[in-house]
>>> print(open('query-v1.txt').read())   # compact mmCIF, C-alpha atoms and all ligand atoms
# COMPACT_ATOMS: atom_id res chain seq x y z
CA MET B 108 -12.95 101.13 154.66
CA LYS B 109 -15.14 104.06 153.72
CA ARG B 110 -13.26 106.24 156.16
CA LEU B 111 -9.91 105.13 154.78
CA ALA B 112 -10.98 105.88 151.17
CA ALA B 113 -12.26 109.31 152.16
CA ALA B 114 -8.99 110.05 153.92
CA ALA B 115 -6.98 109.00 150.87
CA THR B 116 -9.09 111.25 148.60
CA PHE B 117 -8.61 114.14 151.01
CA LEU B 118 -4.83 113.60 151.02
CA CYS B 119 -4.74 113.51 147.21
CA VAL B 120 -6.65 116.77 146.93
CA LEU B 121 -4.43 118.31 149.59
CA SER B 122 -1.35 117.12 147.75
CA ALA B 123 -2.62 118.65 144.49
CA TYR B 124 -3.10 121.99 146.25
CA ALA B 125 0.27 121.70 147.95
CA GLN B 126 2.14 121.00 144.65
CA PRO B 127 0.40 122.97 141.87
CA VAL B 128 1.51 122.10 138.32
CA VAL B 129 3.99 124.80 137.33
CA ARG B 130 4.56 125.16 133.56
CA PRO B 131 8.02 126.33 132.56
CA GLN B 132 8.04 129.70 130.85
CA LEU B 133 9.55 130.15 127.38
CA ARG B 134 11.34 133.38 126.47
CA THR B 135 12.87 134.50 123.20
CA SER B 136 14.28 137.76 121.86
CA ASP B 137 13.81 139.60 118.57
CA VAL B 138 16.57 139.15 115.99
CA ALA B 139 18.08 141.60 113.47
CA VAL B 140 20.60 140.35 110.89
CA ALA B 141 22.22 141.61 107.70
CA GLU B 142 20.68 139.82 104.70
CA GLY B 143 23.96 138.36 103.43
CA THR B 144 24.90 138.11 99.77
CA GLY B 145 25.26 134.89 97.76
CA GLY B 146 23.11 131.78 98.31
CA VAL B 147 21.43 131.32 101.68
CA SER B 148 22.23 133.01 104.99
CA TRP B 149 20.75 132.25 108.40
CA ALA B 150 19.07 134.19 111.19
CA ARG B 151 19.29 132.43 114.56
CA PHE B 152 16.65 132.76 117.29
CA THR B 153 17.41 131.50 120.80
CA ALA B 154 14.69 130.37 123.24
CA THR B 155 15.11 129.62 126.92
CA LEU B 156 12.91 127.72 129.40
CA ASP B 157 13.15 128.70 133.04
CA ALA B 158 12.85 124.96 133.92
CA PRO B 159 13.21 121.74 131.87
CA MET B 160 10.04 120.30 130.31
CA GLY B 161 10.84 116.79 131.55
CA ARG B 162 10.09 115.39 128.07
CA ASN B 163 11.05 116.04 124.47
CA TRP B 164 9.16 118.99 123.11
CA PHE B 165 9.15 120.93 119.79
CA VAL B 166 7.56 124.23 118.84
CA PHE B 167 7.34 125.60 115.27
CA LEU B 168 8.44 129.15 114.52
CA SER B 169 6.61 130.24 111.36
CA PRO B 170 7.23 133.39 109.28
CA HIS B 171 4.24 135.50 108.35
CA ALA B 172 2.84 134.63 104.90
CA ASN B 173 3.93 138.01 103.49
CA ALA B 174 7.62 137.39 104.21
CA THR B 175 9.59 137.66 100.97
CA ASP B 176 13.17 137.12 102.12
CA VAL B 177 12.68 133.82 104.01
CA VAL B 178 13.49 130.79 101.82
CA PRO B 179 10.16 128.96 101.32
CA ASN B 180 9.48 125.19 101.41
CA GLN B 181 12.26 124.09 103.74
CA PRO B 182 12.76 120.29 104.07
CA ARG B 183 13.28 120.72 107.84
CA PRO B 184 10.75 122.60 109.95
CA ILE B 185 11.89 125.84 111.58
CA GLY B 186 11.49 125.71 115.34
CA PHE B 187 12.90 124.96 118.79
CA GLN B 188 13.64 121.36 119.78
CA PHE B 189 14.00 120.84 123.54
CA ALA B 190 15.23 117.53 124.95
CA SER B 191 13.84 116.38 128.30
CA SER B 192 16.38 118.20 130.48
CA GLN B 193 17.23 121.02 128.05
CA THR B 194 16.46 124.66 128.87
CA ILE B 195 18.00 126.43 125.85
CA ALA B 196 17.44 125.78 122.12
CA THR B 197 18.04 127.63 118.82
CA ALA B 198 16.00 127.94 115.60
CA ASP B 199 17.69 128.91 112.32
CA VAL B 200 15.68 130.78 109.68
CA PRO B 201 17.04 130.52 106.09
CA LEU B 202 17.23 133.84 104.21
CA GLN B 203 17.49 134.62 100.48
CA ALA B 204 20.93 136.24 100.45
CA ASP B 205 20.62 138.14 97.16
CA SER B 206 22.51 141.20 95.92
CA GLU B 207 19.44 143.33 95.15
CA PRO B 208 19.18 146.64 97.01
CA GLU B 209 15.84 146.59 98.87
CA PRO B 210 14.37 148.11 102.03
CA ASP B 211 14.90 146.37 105.38
CA GLU B 212 12.23 143.69 105.90
CA VAL B 213 10.49 143.20 109.26
CA ILE B 214 8.92 139.73 109.58
CA LEU B 215 6.63 138.52 112.35
CA MET B 216 7.56 134.97 113.43
CA THR B 217 4.74 133.12 115.25
CA PHE B 218 4.97 130.15 117.65
CA SER B 219 2.74 127.37 116.33
CA ASN B 220 1.26 126.05 119.61
CA TYR B 221 1.63 128.78 122.16
CA THR B 222 -1.83 128.06 123.57
CA ASP B 223 -1.09 124.34 124.20
CA PRO B 224 -1.94 123.73 127.92
CA ASN B 225 0.58 120.87 127.95
CA GLY B 226 3.42 123.07 126.68
CA PRO B 227 5.27 125.81 128.48
CA SER B 228 3.71 129.17 129.11
CA PHE B 229 4.89 131.66 126.49
CA GLU B 230 6.13 135.07 127.45
CA ARG B 231 4.72 136.19 124.05
CA SER B 232 3.20 134.52 121.01
CA GLU B 233 5.53 135.93 118.35
CA ALA B 234 8.97 137.38 117.77
CA THR B 235 10.28 139.83 115.16
CA LEU B 236 12.96 139.12 112.57
CA THR B 237 14.48 142.19 110.90
CA ILE B 238 16.47 141.57 107.72
CA ILE B 239 18.79 144.50 107.17
CA ASN B 240 19.58 145.46 103.58
CA ASP B 241 23.29 145.06 102.82
CA ASP B 242 23.19 145.80 99.06
CA ILE B 243 23.83 148.95 97.03
CA GLY B 244 23.15 149.04 93.28
CA LEU B 245 25.65 150.94 91.14
CA GLY B 246 24.28 151.22 87.58
CA PRO B 247 26.03 148.94 85.05
CA VAL B 248 28.21 146.06 86.24
CA ASP B 249 31.17 147.18 84.14
CA LEU B 250 31.56 150.90 83.50
CA ARG B 251 33.59 152.36 80.64
CA THR B 252 34.33 156.03 80.37
CA THR B 253 36.45 158.30 78.21
CA LEU B 254 39.36 160.14 79.79
CA GLY B 255 38.38 163.62 81.00
CA ALA B 256 34.65 163.35 80.21
CA PRO B 257 32.36 163.28 83.30
CA MET B 258 29.96 160.32 83.33
CA SER B 259 26.85 159.90 85.52
CA PHE B 260 24.95 156.76 86.48
CA PRO B 261 22.34 155.83 89.13
CA ILE B 262 22.95 154.58 92.67
CA ASP B 263 20.28 152.66 94.66
CA LEU B 264 20.77 152.34 98.43
CA GLY B 265 17.72 150.12 99.06
CA ASN B 266 16.70 152.21 102.10
CA PRO B 267 16.06 155.96 102.21
CA LEU B 268 19.19 157.76 103.38
CA ALA B 269 18.79 158.99 106.95
CA ALA B 270 20.56 161.99 108.42
CA GLY B 271 22.65 159.74 110.66
CA ASP B 272 23.80 157.46 107.80
CA THR B 273 27.20 157.83 106.20
CA LEU B 274 27.45 157.26 102.43
CA THR B 275 30.88 156.93 100.84
CA VAL B 276 31.77 156.10 97.23
CA THR B 277 35.50 155.59 96.74
CA PRO B 278 37.68 154.27 93.91
CA ALA B 279 40.28 151.65 94.83
CA ASP B 280 42.79 153.68 92.78
CA PRO B 281 42.07 157.42 93.24
CA GLU B 282 44.54 158.26 90.44
CA VAL B 283 42.25 156.62 87.81
CA VAL B 284 38.93 158.35 88.59
CA THR B 285 37.49 161.05 90.80
CA VAL B 286 33.96 160.37 92.15
CA THR B 287 31.10 162.35 93.67
CA ALA B 288 27.88 160.80 95.02
CA SER B 289 24.58 162.63 95.31
CA VAL B 290 21.71 161.07 97.29
CA ALA B 291 19.26 163.36 99.10
CA ILE B 292 18.41 162.63 102.74
CA GLY B 293 15.11 160.73 102.71
CA SER B 294 15.70 159.26 99.26
CA SER B 295 16.98 155.79 98.39
CA THR B 296 18.21 156.62 94.88
CA GLY B 297 20.59 159.22 93.51
CA GLU B 298 23.40 159.75 91.09
CA ILE B 299 27.13 159.15 90.94
CA THR B 300 29.36 161.22 88.70
CA LEU B 301 32.88 160.09 87.90
CA THR B 302 35.61 161.60 85.77
CA GLY B 303 38.50 159.60 84.32
CA LEU B 304 41.86 161.07 85.41
CA ARG B 305 44.09 158.69 83.51
CA GLU B 306 43.82 155.55 81.42
CA GLY B 307 43.37 152.49 83.60
CA HIS B 308 41.09 150.23 85.55
CA THR B 309 39.80 150.47 89.10
CA ARG B 310 37.05 149.22 91.39
CA LEU B 311 34.43 151.55 92.78
CA VAL B 312 33.11 150.76 96.28
CA ALA B 313 29.95 152.33 97.71
CA GLU B 314 29.13 151.93 101.38
CA VAL B 315 26.37 153.16 103.67
CA ILE B 316 27.10 152.88 107.36
CA ARG B 317 23.83 152.78 109.29
CA PRO B 318 23.24 152.23 113.00
CA ALA B 319 21.54 148.91 112.09
CA GLY B 320 24.32 147.69 109.81
CA PRO B 321 26.32 148.46 106.66
CA ALA B 322 25.25 148.12 103.00
CA ARG B 323 27.78 147.78 100.22
CA GLY B 324 28.05 147.73 96.42
CA GLU B 325 30.92 147.48 93.95
CA THR B 326 31.49 147.95 90.24
CA ASP B 327 34.46 148.02 87.85
CA VAL B 328 35.47 151.16 85.97
CA THR B 329 37.74 151.35 82.94
CA VAL B 330 39.00 154.71 81.64
CA PHE B 331 39.98 155.02 77.96
CA GLN B 332 41.74 157.65 75.90
CA PRO B 333 39.42 159.33 73.38
CA SER B 334 39.98 157.36 70.19
CA VAL B 335 39.21 157.76 66.49
CA LEU B 336 38.37 155.19 63.84
CA VAL B 337 41.12 154.66 61.27
CA ALA B 338 40.64 152.83 57.96
CA MET B 339 43.64 151.49 56.01
CA PRO B 340 43.97 152.26 53.16
CA ASN B 341 42.04 155.53 53.35
CA THR B 342 41.11 155.41 49.63
CA VAL B 343 40.39 152.31 47.55
CA ARG B 344 40.56 151.73 43.78
CA LEU B 345 39.61 148.36 42.33
CA ARG B 346 38.36 146.78 39.13
CA VAL B 347 34.95 145.28 38.42
CA GLY B 348 35.00 141.69 39.70
CA GLU B 349 38.15 142.32 41.77
CA GLU B 350 38.23 141.79 45.56
CA VAL B 351 40.38 143.90 47.91
CA THR B 352 40.55 144.06 51.69
CA THR B 353 40.54 147.10 53.94
CA ARG B 354 41.22 147.22 57.68
CA VAL B 355 39.59 149.33 60.38
CA SER B 356 40.89 149.95 63.91
CA PHE B 357 40.72 152.44 66.80
CA SER B 358 43.56 154.81 67.57
CA PRO B 359 44.46 154.57 70.42
CA ALA B 360 43.22 150.96 70.63
CA GLN B 361 40.16 150.18 72.76
CA GLY B 362 40.52 147.60 75.52
CA VAL B 363 37.36 145.67 74.55
CA PRO B 364 35.88 144.39 71.25
CA MET B 365 33.82 147.04 69.43
CA LEU B 366 31.18 146.65 66.70
CA ILE B 367 31.50 148.68 63.48
CA ASP B 368 28.80 149.23 60.82
CA VAL B 369 30.08 149.52 57.25
CA GLN B 370 27.72 151.34 54.88
CA SER B 371 28.16 152.05 51.16
CA SER B 372 26.49 155.06 49.52
CA SER B 373 25.88 152.91 46.42
CA THR B 374 25.42 149.17 46.87
CA GLY B 375 25.33 148.66 43.07
CA ILE B 376 28.98 149.77 42.66
CA VAL B 377 30.72 147.88 45.50
CA GLN B 378 29.74 144.92 47.63
CA VAL B 379 30.81 145.06 51.33
CA LEU B 380 31.43 141.84 53.29
CA PRO B 381 30.52 141.83 56.12
CA ALA B 382 28.41 144.92 56.75
CA LEU B 383 28.88 144.55 60.54
CA VAL B 384 32.32 143.71 61.93
CA SER B 385 33.85 143.38 65.38
CA VAL B 386 37.15 145.13 66.06
CA SER B 387 39.01 142.89 68.50
CA ALA B 388 40.36 144.35 71.76
CA GLY B 389 43.53 146.21 70.84
CA GLY B 390 43.32 144.95 67.23
CA ASP B 391 41.51 145.58 63.96
CA ALA B 392 38.81 144.15 61.69
CA VAL B 393 39.10 143.13 58.02
CA ILE B 394 36.41 144.05 55.46
CA THR B 395 36.33 142.62 51.92
CA LEU B 396 35.21 144.88 49.03
CA ARG B 397 34.15 143.50 45.66
CA GLY B 398 33.80 145.71 42.59
CA LEU B 399 30.36 145.30 41.00
CA ALA B 400 30.12 148.10 38.40
CA PRO B 401 32.25 151.11 37.35
CA GLY B 402 31.64 154.23 39.45
CA ARG B 403 32.48 156.07 42.66
CA THR B 404 31.02 155.49 46.12
CA LEU B 405 31.74 156.33 49.75
CA LEU B 406 32.20 153.72 52.49
CA LYS B 407 31.19 154.94 55.94
CA PHE B 408 32.49 153.16 59.07
CA LEU B 409 30.39 153.82 62.22
CA ALA B 410 31.28 152.65 65.74
CA HIS B 411 28.32 151.29 67.79
CA GLY B 412 27.61 153.32 70.92
CA GLN B 413 30.22 155.98 70.15
CA GLN B 414 30.36 159.11 68.02
CA HIS B 415 33.31 157.88 65.97
CA SER B 416 33.07 157.43 62.22
CA THR B 417 35.31 157.66 59.18
CA VAL B 418 34.70 157.73 55.42
CA VAL B 419 36.70 155.98 52.67
CA PRO B 420 36.20 156.97 48.98
CA VAL B 421 36.03 153.95 46.67
CA GLU B 422 36.42 153.95 42.88
CA VAL B 423 35.54 150.93 40.79
CA VAL B 424 37.06 150.98 37.32
CA PRO B 425 36.22 148.80 34.30
CA ASN B 426 38.01 145.49 34.05
CA PRO B 427 39.86 145.46 30.67
CA GLY B 428 40.44 141.72 30.93
CA ARG B 429 36.72 141.12 31.31
CA ARG B 430 35.90 143.42 28.38
CA ARG B 431 38.36 141.55 26.14
CA SER B 432 37.04 138.18 27.20
CA ALA B 433 33.48 139.37 26.56
CA ARG B 434 34.35 139.98 22.84
CA PRO B 435 34.08 137.06 20.44
CA CA S 501 22.50 140.99 100.09
CA CA S 502 19.12 142.30 98.95
>>> encode(input="query-v1.txt", output="structure tokens", more="lines below")
Ligand SMILES: [Ca+2]
Ligand SMILES: [Ca+2]
Amino acid sequence: MKRLAAAATFLCVLSAYAQPVVRPQLRTSDVAVAEGTGGVSWARFTATLDAPMGRNWFVFLSPHANATDVVPNQPRPIGFQFASSQTIATADVPLQADSEPEPDEVILMTFSNYTDPNGPSFERSEATLTIINDDIGLGPVDLRTTLGAPMSFPIDLGNPLAAGDTLTVTPADPEVVTVTASVAIGSSTGEITLTGLREGHTRLVAEVIRPAGPARGETDVTVFQPSVLVAMPNTVRLRVGEEVTTRVSFSPAQGVPMLIDVQSSSTGIVQVLPALVSVSAGGDAVITLRGLAPGRTLLKFLAHGQQHSTVVPVEVVPNPGRRRSARP
């Protein structure tokens, strides 16, 4: 019996040497994706095993703690799920797909259990995710400019402009505005200058074509005729206690509502209601004046954010009816 047992042990040891345990090897590649714009976008890693694991097996793929563009606190873990006979699996990383221009982000993604002796052997312990900026900032969201007057505003590319990059800024309708862009090589910010060629509306599109991927930004531009403030009537005469209305508008009309301040040089002679009015798009605003005491004053109408103003002389005369009624 002893001999038989010894022979069996010898055969087992021999068998173990003859069939060494071979762990499958896991391979994965680095990934580079454009960030995306609006909600959440996804970066997909693919991992391959050179042989099936023979059992279900999962490995986490975790972004480095400093990663800013990976959506945190996901309900489902990020990683590779291999079924028993499976040799290829994918892991999707959720990205914050915002519209902010920002530099490309390089994130180290680490396998959670790459030292597990019961898992596969890992070709490497981490992979790199590069999130490529796809956003350009173009100053205000809605630009308004006066016909013929050059206007400048900032442009932000997110990444420094490289010599091999191509920056273009083009209007959808080249008959409405002419545009020049100025960003120095090695800088991420610069200036755009546009000049209104005719009244109208167009969309401005900025694009940087880089070897790693394009970035894009858009804004709306509206070109107006130079306009002046017009008050009707342009002189006012009223009695003490009397109320009259005056109207103010832009000529030519502006395409958006505009705020107008109304100031009186003597608040004791005439009361102005209201002192701040909004001129509707393409329309006018109504101001009520009430005579307080006999005298002369000047009403000044001032447009917010523009150089336009106009002045209306006002005369308040005594009210004979009131004088009579005041006598016994
Ligand atoms: Ca984006
Ligand atoms: Ca962004």
>>> residues_near_ligand(input="query-v1.txt", ligand="ligand CA 501 (chain S)", cutoff="12 Å", atoms="all atoms listed in the file", output="count of residues only")
34
>>> residues_near_point(input="query-v1.txt", point="(35.0, 149.2, 88.2)", cutoff="8 Å", atoms="all atoms listed in the file", output="ChimeraX atom specification")
/B:248-250,308-311,325-329
>>> closest_residue(input="query-v1.txt", among="B:Leu245, B:Val363, B:Val418, B:Ala338", to="Ile394 of chain B", atoms="all atoms listed in the file")
B:Ala338
>>> closest_residue(input="query-v1.txt", among="B:Phe165, B:Trp149, B:Phe229, B:Phe260", to="Gln193 of chain B", atoms="only C-alpha atoms")
B:Phe165
>>> closest_residue(input="query-v1.txt", among="B:Met216, B:Val129, B:Ala158, B:Val177", to="ligand CA 502 (chain S)", atoms="only C-alpha atoms and all ligand atoms")
B:Val177
>>> atom_distance(input="query-v1.txt", atom1="atom CA of Val347 of chain B", atom2="atom CA of Leu396 of chain B")
10.6 Å
>>> atom_distance(input="query-v1.txt", atom1="atom CA of Ser169 of chain B", atom2="atom CA of Ser232 of chain B")
11.1 Å
>>> closest_residue(input="query-v1.txt", among="B:Ala234, B:Ile262, B:Ala319, B:Val312", to="Asp280 of chain B", atoms="all atoms listed in the file")
B:Val312
>>> atom_distance(input="query-v1.txt", atom1="atom CA of Arg183 of chain B", atom2="atom CA of Ala154 of chain B")
18.2 Å
>>> closest_residue(input="query-v1.txt", among="B:Ala139, B:Ala198, B:Val419, B:Leu380", to="Leu168 of chain B", atoms="all atoms listed in the file")
B:Ala198
>>> closest_residue(input="query-v1.txt", among="B:Pro247, B:Gly389, B:Gly293, B:Gly255", to="Ser356 of chain B", atoms="all atoms listed in the file")
B:Gly389
>>> residues_around(input="query-v1.txt", residues="Val166 of chain B", least_positions_apart="2", cutoff="7 Å", atoms="only C-alpha atoms", output="PyMOL selection string")
chain B and resi 164+168+186-188+218-220
>>> axis_aligned_box(input="query-v1.txt", around="segment 252-266 of chain B", padding_each_side="4 Å", output="JSON")
{"center_x": 28.0, "center_y": 156.9, "center_z": 90.2, "size_x": 30.7, "size_y": 21.5, "size_z": 31.9}
>>> build_atoms(input="query-v1.txt", residues="segment 332-365 of chain B", atoms="N, CA and C atoms", output="PDB file, in the coordinates of the input")
ATOM      1  N   GLN B 332      41.418 156.431  76.645  1.00  0.00           N
ATOM      2  CA  GLN B 332      41.740 157.650  75.900  1.00  0.00           C
ATOM      3  C   GLN B 332      40.649 157.856  74.869  1.00  0.00           C
ATOM      4  N   PRO B 333      40.312 159.127  74.525  1.00  0.00           N
ATOM      5  CA  PRO B 333      39.420 159.330  73.380  1.00  0.00           C
ATOM      6  C   PRO B 333      40.089 158.720  72.151  1.00  0.00           C
ATOM      7  N   SER B 334      39.347 158.015  71.341  1.00  0.00           N
ATOM      8  CA  SER B 334      39.980 157.360  70.190  1.00  0.00           C
ATOM      9  C   SER B 334      39.197 157.660  68.924  1.00  0.00           C
ATOM     10  N   VAL B 335      39.866 157.536  67.783  1.00  0.00           N
ATOM     11  CA  VAL B 335      39.210 157.760  66.490  1.00  0.00           C
ATOM     12  C   VAL B 335      39.283 156.481  65.684  1.00  0.00           C
ATOM     13  N   LEU B 336      38.363 156.352  64.742  1.00  0.00           N
ATOM     14  CA  LEU B 336      38.370 155.190  63.840  1.00  0.00           C
ATOM     15  C   LEU B 336      39.342 155.480  62.696  1.00  0.00           C
ATOM     16  N   VAL B 337      40.146 154.499  62.368  1.00  0.00           N
ATOM     17  CA  VAL B 337      41.120 154.660  61.270  1.00  0.00           C
ATOM     18  C   VAL B 337      40.913 153.519  60.280  1.00  0.00           C
ATOM     19  N   ALA B 338      40.753 153.854  58.999  1.00  0.00           N
ATOM     20  CA  ALA B 338      40.640 152.830  57.960  1.00  0.00           C
ATOM     21  C   ALA B 338      41.930 152.815  57.139  1.00  0.00           C
ATOM     22  N   MET B 339      42.404 151.630  56.820  1.00  0.00           N
ATOM     23  CA  MET B 339      43.640 151.490  56.010  1.00  0.00           C
ATOM     24  C   MET B 339      43.372 150.515  54.861  1.00  0.00           C
ATOM     25  N   PRO B 340      43.582 150.921  53.607  1.00  0.00           N
ATOM     26  CA  PRO B 340      43.970 152.260  53.160  1.00  0.00           C
ATOM     27  C   PRO B 340      42.791 153.240  53.289  1.00  0.00           C
ATOM     28  N   ASN B 341      43.111 154.545  53.172  1.00  0.00           N
ATOM     29  CA  ASN B 341      42.040 155.530  53.350  1.00  0.00           C
ATOM     30  C   ASN B 341      41.367 155.919  52.028  1.00  0.00           C
ATOM     31  N   THR B 342      41.869 155.366  50.903  1.00  0.00           N
ATOM     32  CA  THR B 342      41.110 155.410  49.630  1.00  0.00           C
ATOM     33  C   THR B 342      41.309 154.055  48.959  1.00  0.00           C
ATOM     34  N   VAL B 343      40.313 153.636  48.182  1.00  0.00           N
ATOM     35  CA  VAL B 343      40.390 152.310  47.550  1.00  0.00           C
ATOM     36  C   VAL B 343      40.057 152.461  46.060  1.00  0.00           C
ATOM     37  N   ARG B 344      40.847 151.786  45.228  1.00  0.00           N
ATOM     38  CA  ARG B 344      40.560 151.730  43.780  1.00  0.00           C
ATOM     39  C   ARG B 344      40.634 150.276  43.380  1.00  0.00           C
ATOM     40  N   LEU B 345      39.608 149.768  42.734  1.00  0.00           N
ATOM     41  CA  LEU B 345      39.610 148.360  42.330  1.00  0.00           C
ATOM     42  C   LEU B 345      38.834 148.205  41.025  1.00  0.00           C
ATOM     43  N   ARG B 346      39.030 147.031  40.398  1.00  0.00           N
ATOM     44  CA  ARG B 346      38.360 146.780  39.130  1.00  0.00           C
ATOM     45  C   ARG B 346      37.050 146.036  39.369  1.00  0.00           C
ATOM     46  N   VAL B 347      36.189 146.070  38.378  1.00  0.00           N
ATOM     47  CA  VAL B 347      34.950 145.280  38.420  1.00  0.00           C
ATOM     48  C   VAL B 347      35.336 143.802  38.558  1.00  0.00           C
ATOM     49  N   GLY B 348      34.726 143.111  39.492  1.00  0.00           N
ATOM     50  CA  GLY B 348      35.000 141.690  39.700  1.00  0.00           C
ATOM     51  C   GLY B 348      36.189 141.437  40.615  1.00  0.00           C
ATOM     52  N   GLU B 349      36.974 142.483  40.913  1.00  0.00           N
ATOM     53  CA  GLU B 349      38.150 142.320  41.770  1.00  0.00           C
ATOM     54  C   GLU B 349      37.728 142.418  43.257  1.00  0.00           C
ATOM     55  N   GLU B 350      38.471 141.699  44.104  1.00  0.00           N
ATOM     56  CA  GLU B 350      38.230 141.790  45.560  1.00  0.00           C
ATOM     57  C   GLU B 350      39.459 142.381  46.234  1.00  0.00           C
ATOM     58  N   VAL B 351      39.270 143.354  47.119  1.00  0.00           N
ATOM     59  CA  VAL B 351      40.380 143.900  47.910  1.00  0.00           C
ATOM     60  C   VAL B 351      39.922 143.925  49.379  1.00  0.00           C
ATOM     61  N   THR B 352      40.903 143.968  50.267  1.00  0.00           N
ATOM     62  CA  THR B 352      40.550 144.060  51.690  1.00  0.00           C
ATOM     63  C   THR B 352      40.956 145.421  52.237  1.00  0.00           C
ATOM     64  N   THR B 353      40.177 145.884  53.226  1.00  0.00           N
ATOM     65  CA  THR B 353      40.540 147.100  53.940  1.00  0.00           C
ATOM     66  C   THR B 353      40.421 146.790  55.439  1.00  0.00           C
ATOM     67  N   ARG B 354      41.208 147.489  56.231  1.00  0.00           N
ATOM     68  CA  ARG B 354      41.220 147.220  57.680  1.00  0.00           C
ATOM     69  C   ARG B 354      40.732 148.454  58.428  1.00  0.00           C
ATOM     70  N   VAL B 355      40.051 148.204  59.559  1.00  0.00           N
ATOM     71  CA  VAL B 355      39.590 149.330  60.380  1.00  0.00           C
ATOM     72  C   VAL B 355      39.990 149.052  61.831  1.00  0.00           C
ATOM     73  N   SER B 356      40.450 150.105  62.509  1.00  0.00           N
ATOM     74  CA  SER B 356      40.890 149.950  63.910  1.00  0.00           C
ATOM     75  C   SER B 356      40.659 151.265  64.654  1.00  0.00           C
ATOM     76  N   PHE B 357      40.805 151.220  65.984  1.00  0.00           N
ATOM     77  CA  PHE B 357      40.720 152.440  66.800  1.00  0.00           C
ATOM     78  C   PHE B 357      42.117 152.931  67.134  1.00  0.00           C
ATOM     79  N   SER B 358      42.281 154.237  67.151  1.00  0.00           N
ATOM     80  CA  SER B 358      43.560 154.810  67.570  1.00  0.00           C
ATOM     81  C   SER B 358      43.309 155.881  68.618  1.00  0.00           C
ATOM     82  N   PRO B 359      43.803 155.752  69.855  1.00  0.00           N
ATOM     83  CA  PRO B 359      44.460 154.570  70.420  1.00  0.00           C
ATOM     84  C   PRO B 359      43.477 153.380  70.499  1.00  0.00           C
ATOM     85  N   ALA B 360      44.042 152.164  70.625  1.00  0.00           N
ATOM     86  CA  ALA B 360      43.220 150.960  70.630  1.00  0.00           C
ATOM     87  C   ALA B 360      42.294 150.941  71.846  1.00  0.00           C
ATOM     88  N   GLN B 361      41.099 150.368  71.659  1.00  0.00           N
ATOM     89  CA  GLN B 361      40.160 150.180  72.760  1.00  0.00           C
ATOM     90  C   GLN B 361      40.498 148.862  73.464  1.00  0.00           C
ATOM     91  N   GLY B 362      40.173 148.790  74.741  1.00  0.00           N
ATOM     92  CA  GLY B 362      40.520 147.600  75.520  1.00  0.00           C
ATOM     93  C   GLY B 362      39.501 146.479  75.417  1.00  0.00           C
ATOM     94  N   VAL B 363      38.391 146.711  74.692  1.00  0.00           N
ATOM     95  CA  VAL B 363      37.360 145.670  74.550  1.00  0.00           C
ATOM     96  C   VAL B 363      36.943 145.599  73.088  1.00  0.00           C
ATOM     97  N   PRO B 364      36.361 144.470  72.635  1.00  0.00           N
ATOM     98  CA  PRO B 364      35.880 144.390  71.250  1.00  0.00           C
ATOM     99  C   PRO B 364      34.803 145.448  70.987  1.00  0.00           C
ATOM    100  N   MET B 365      34.804 146.012  69.790  1.00  0.00           N
ATOM    101  CA  MET B 365      33.820 147.040  69.430  1.00  0.00           C
ATOM    102  C   MET B 365      33.190 146.674  68.087  1.00  0.00           C
TER     103      MET B 365
END
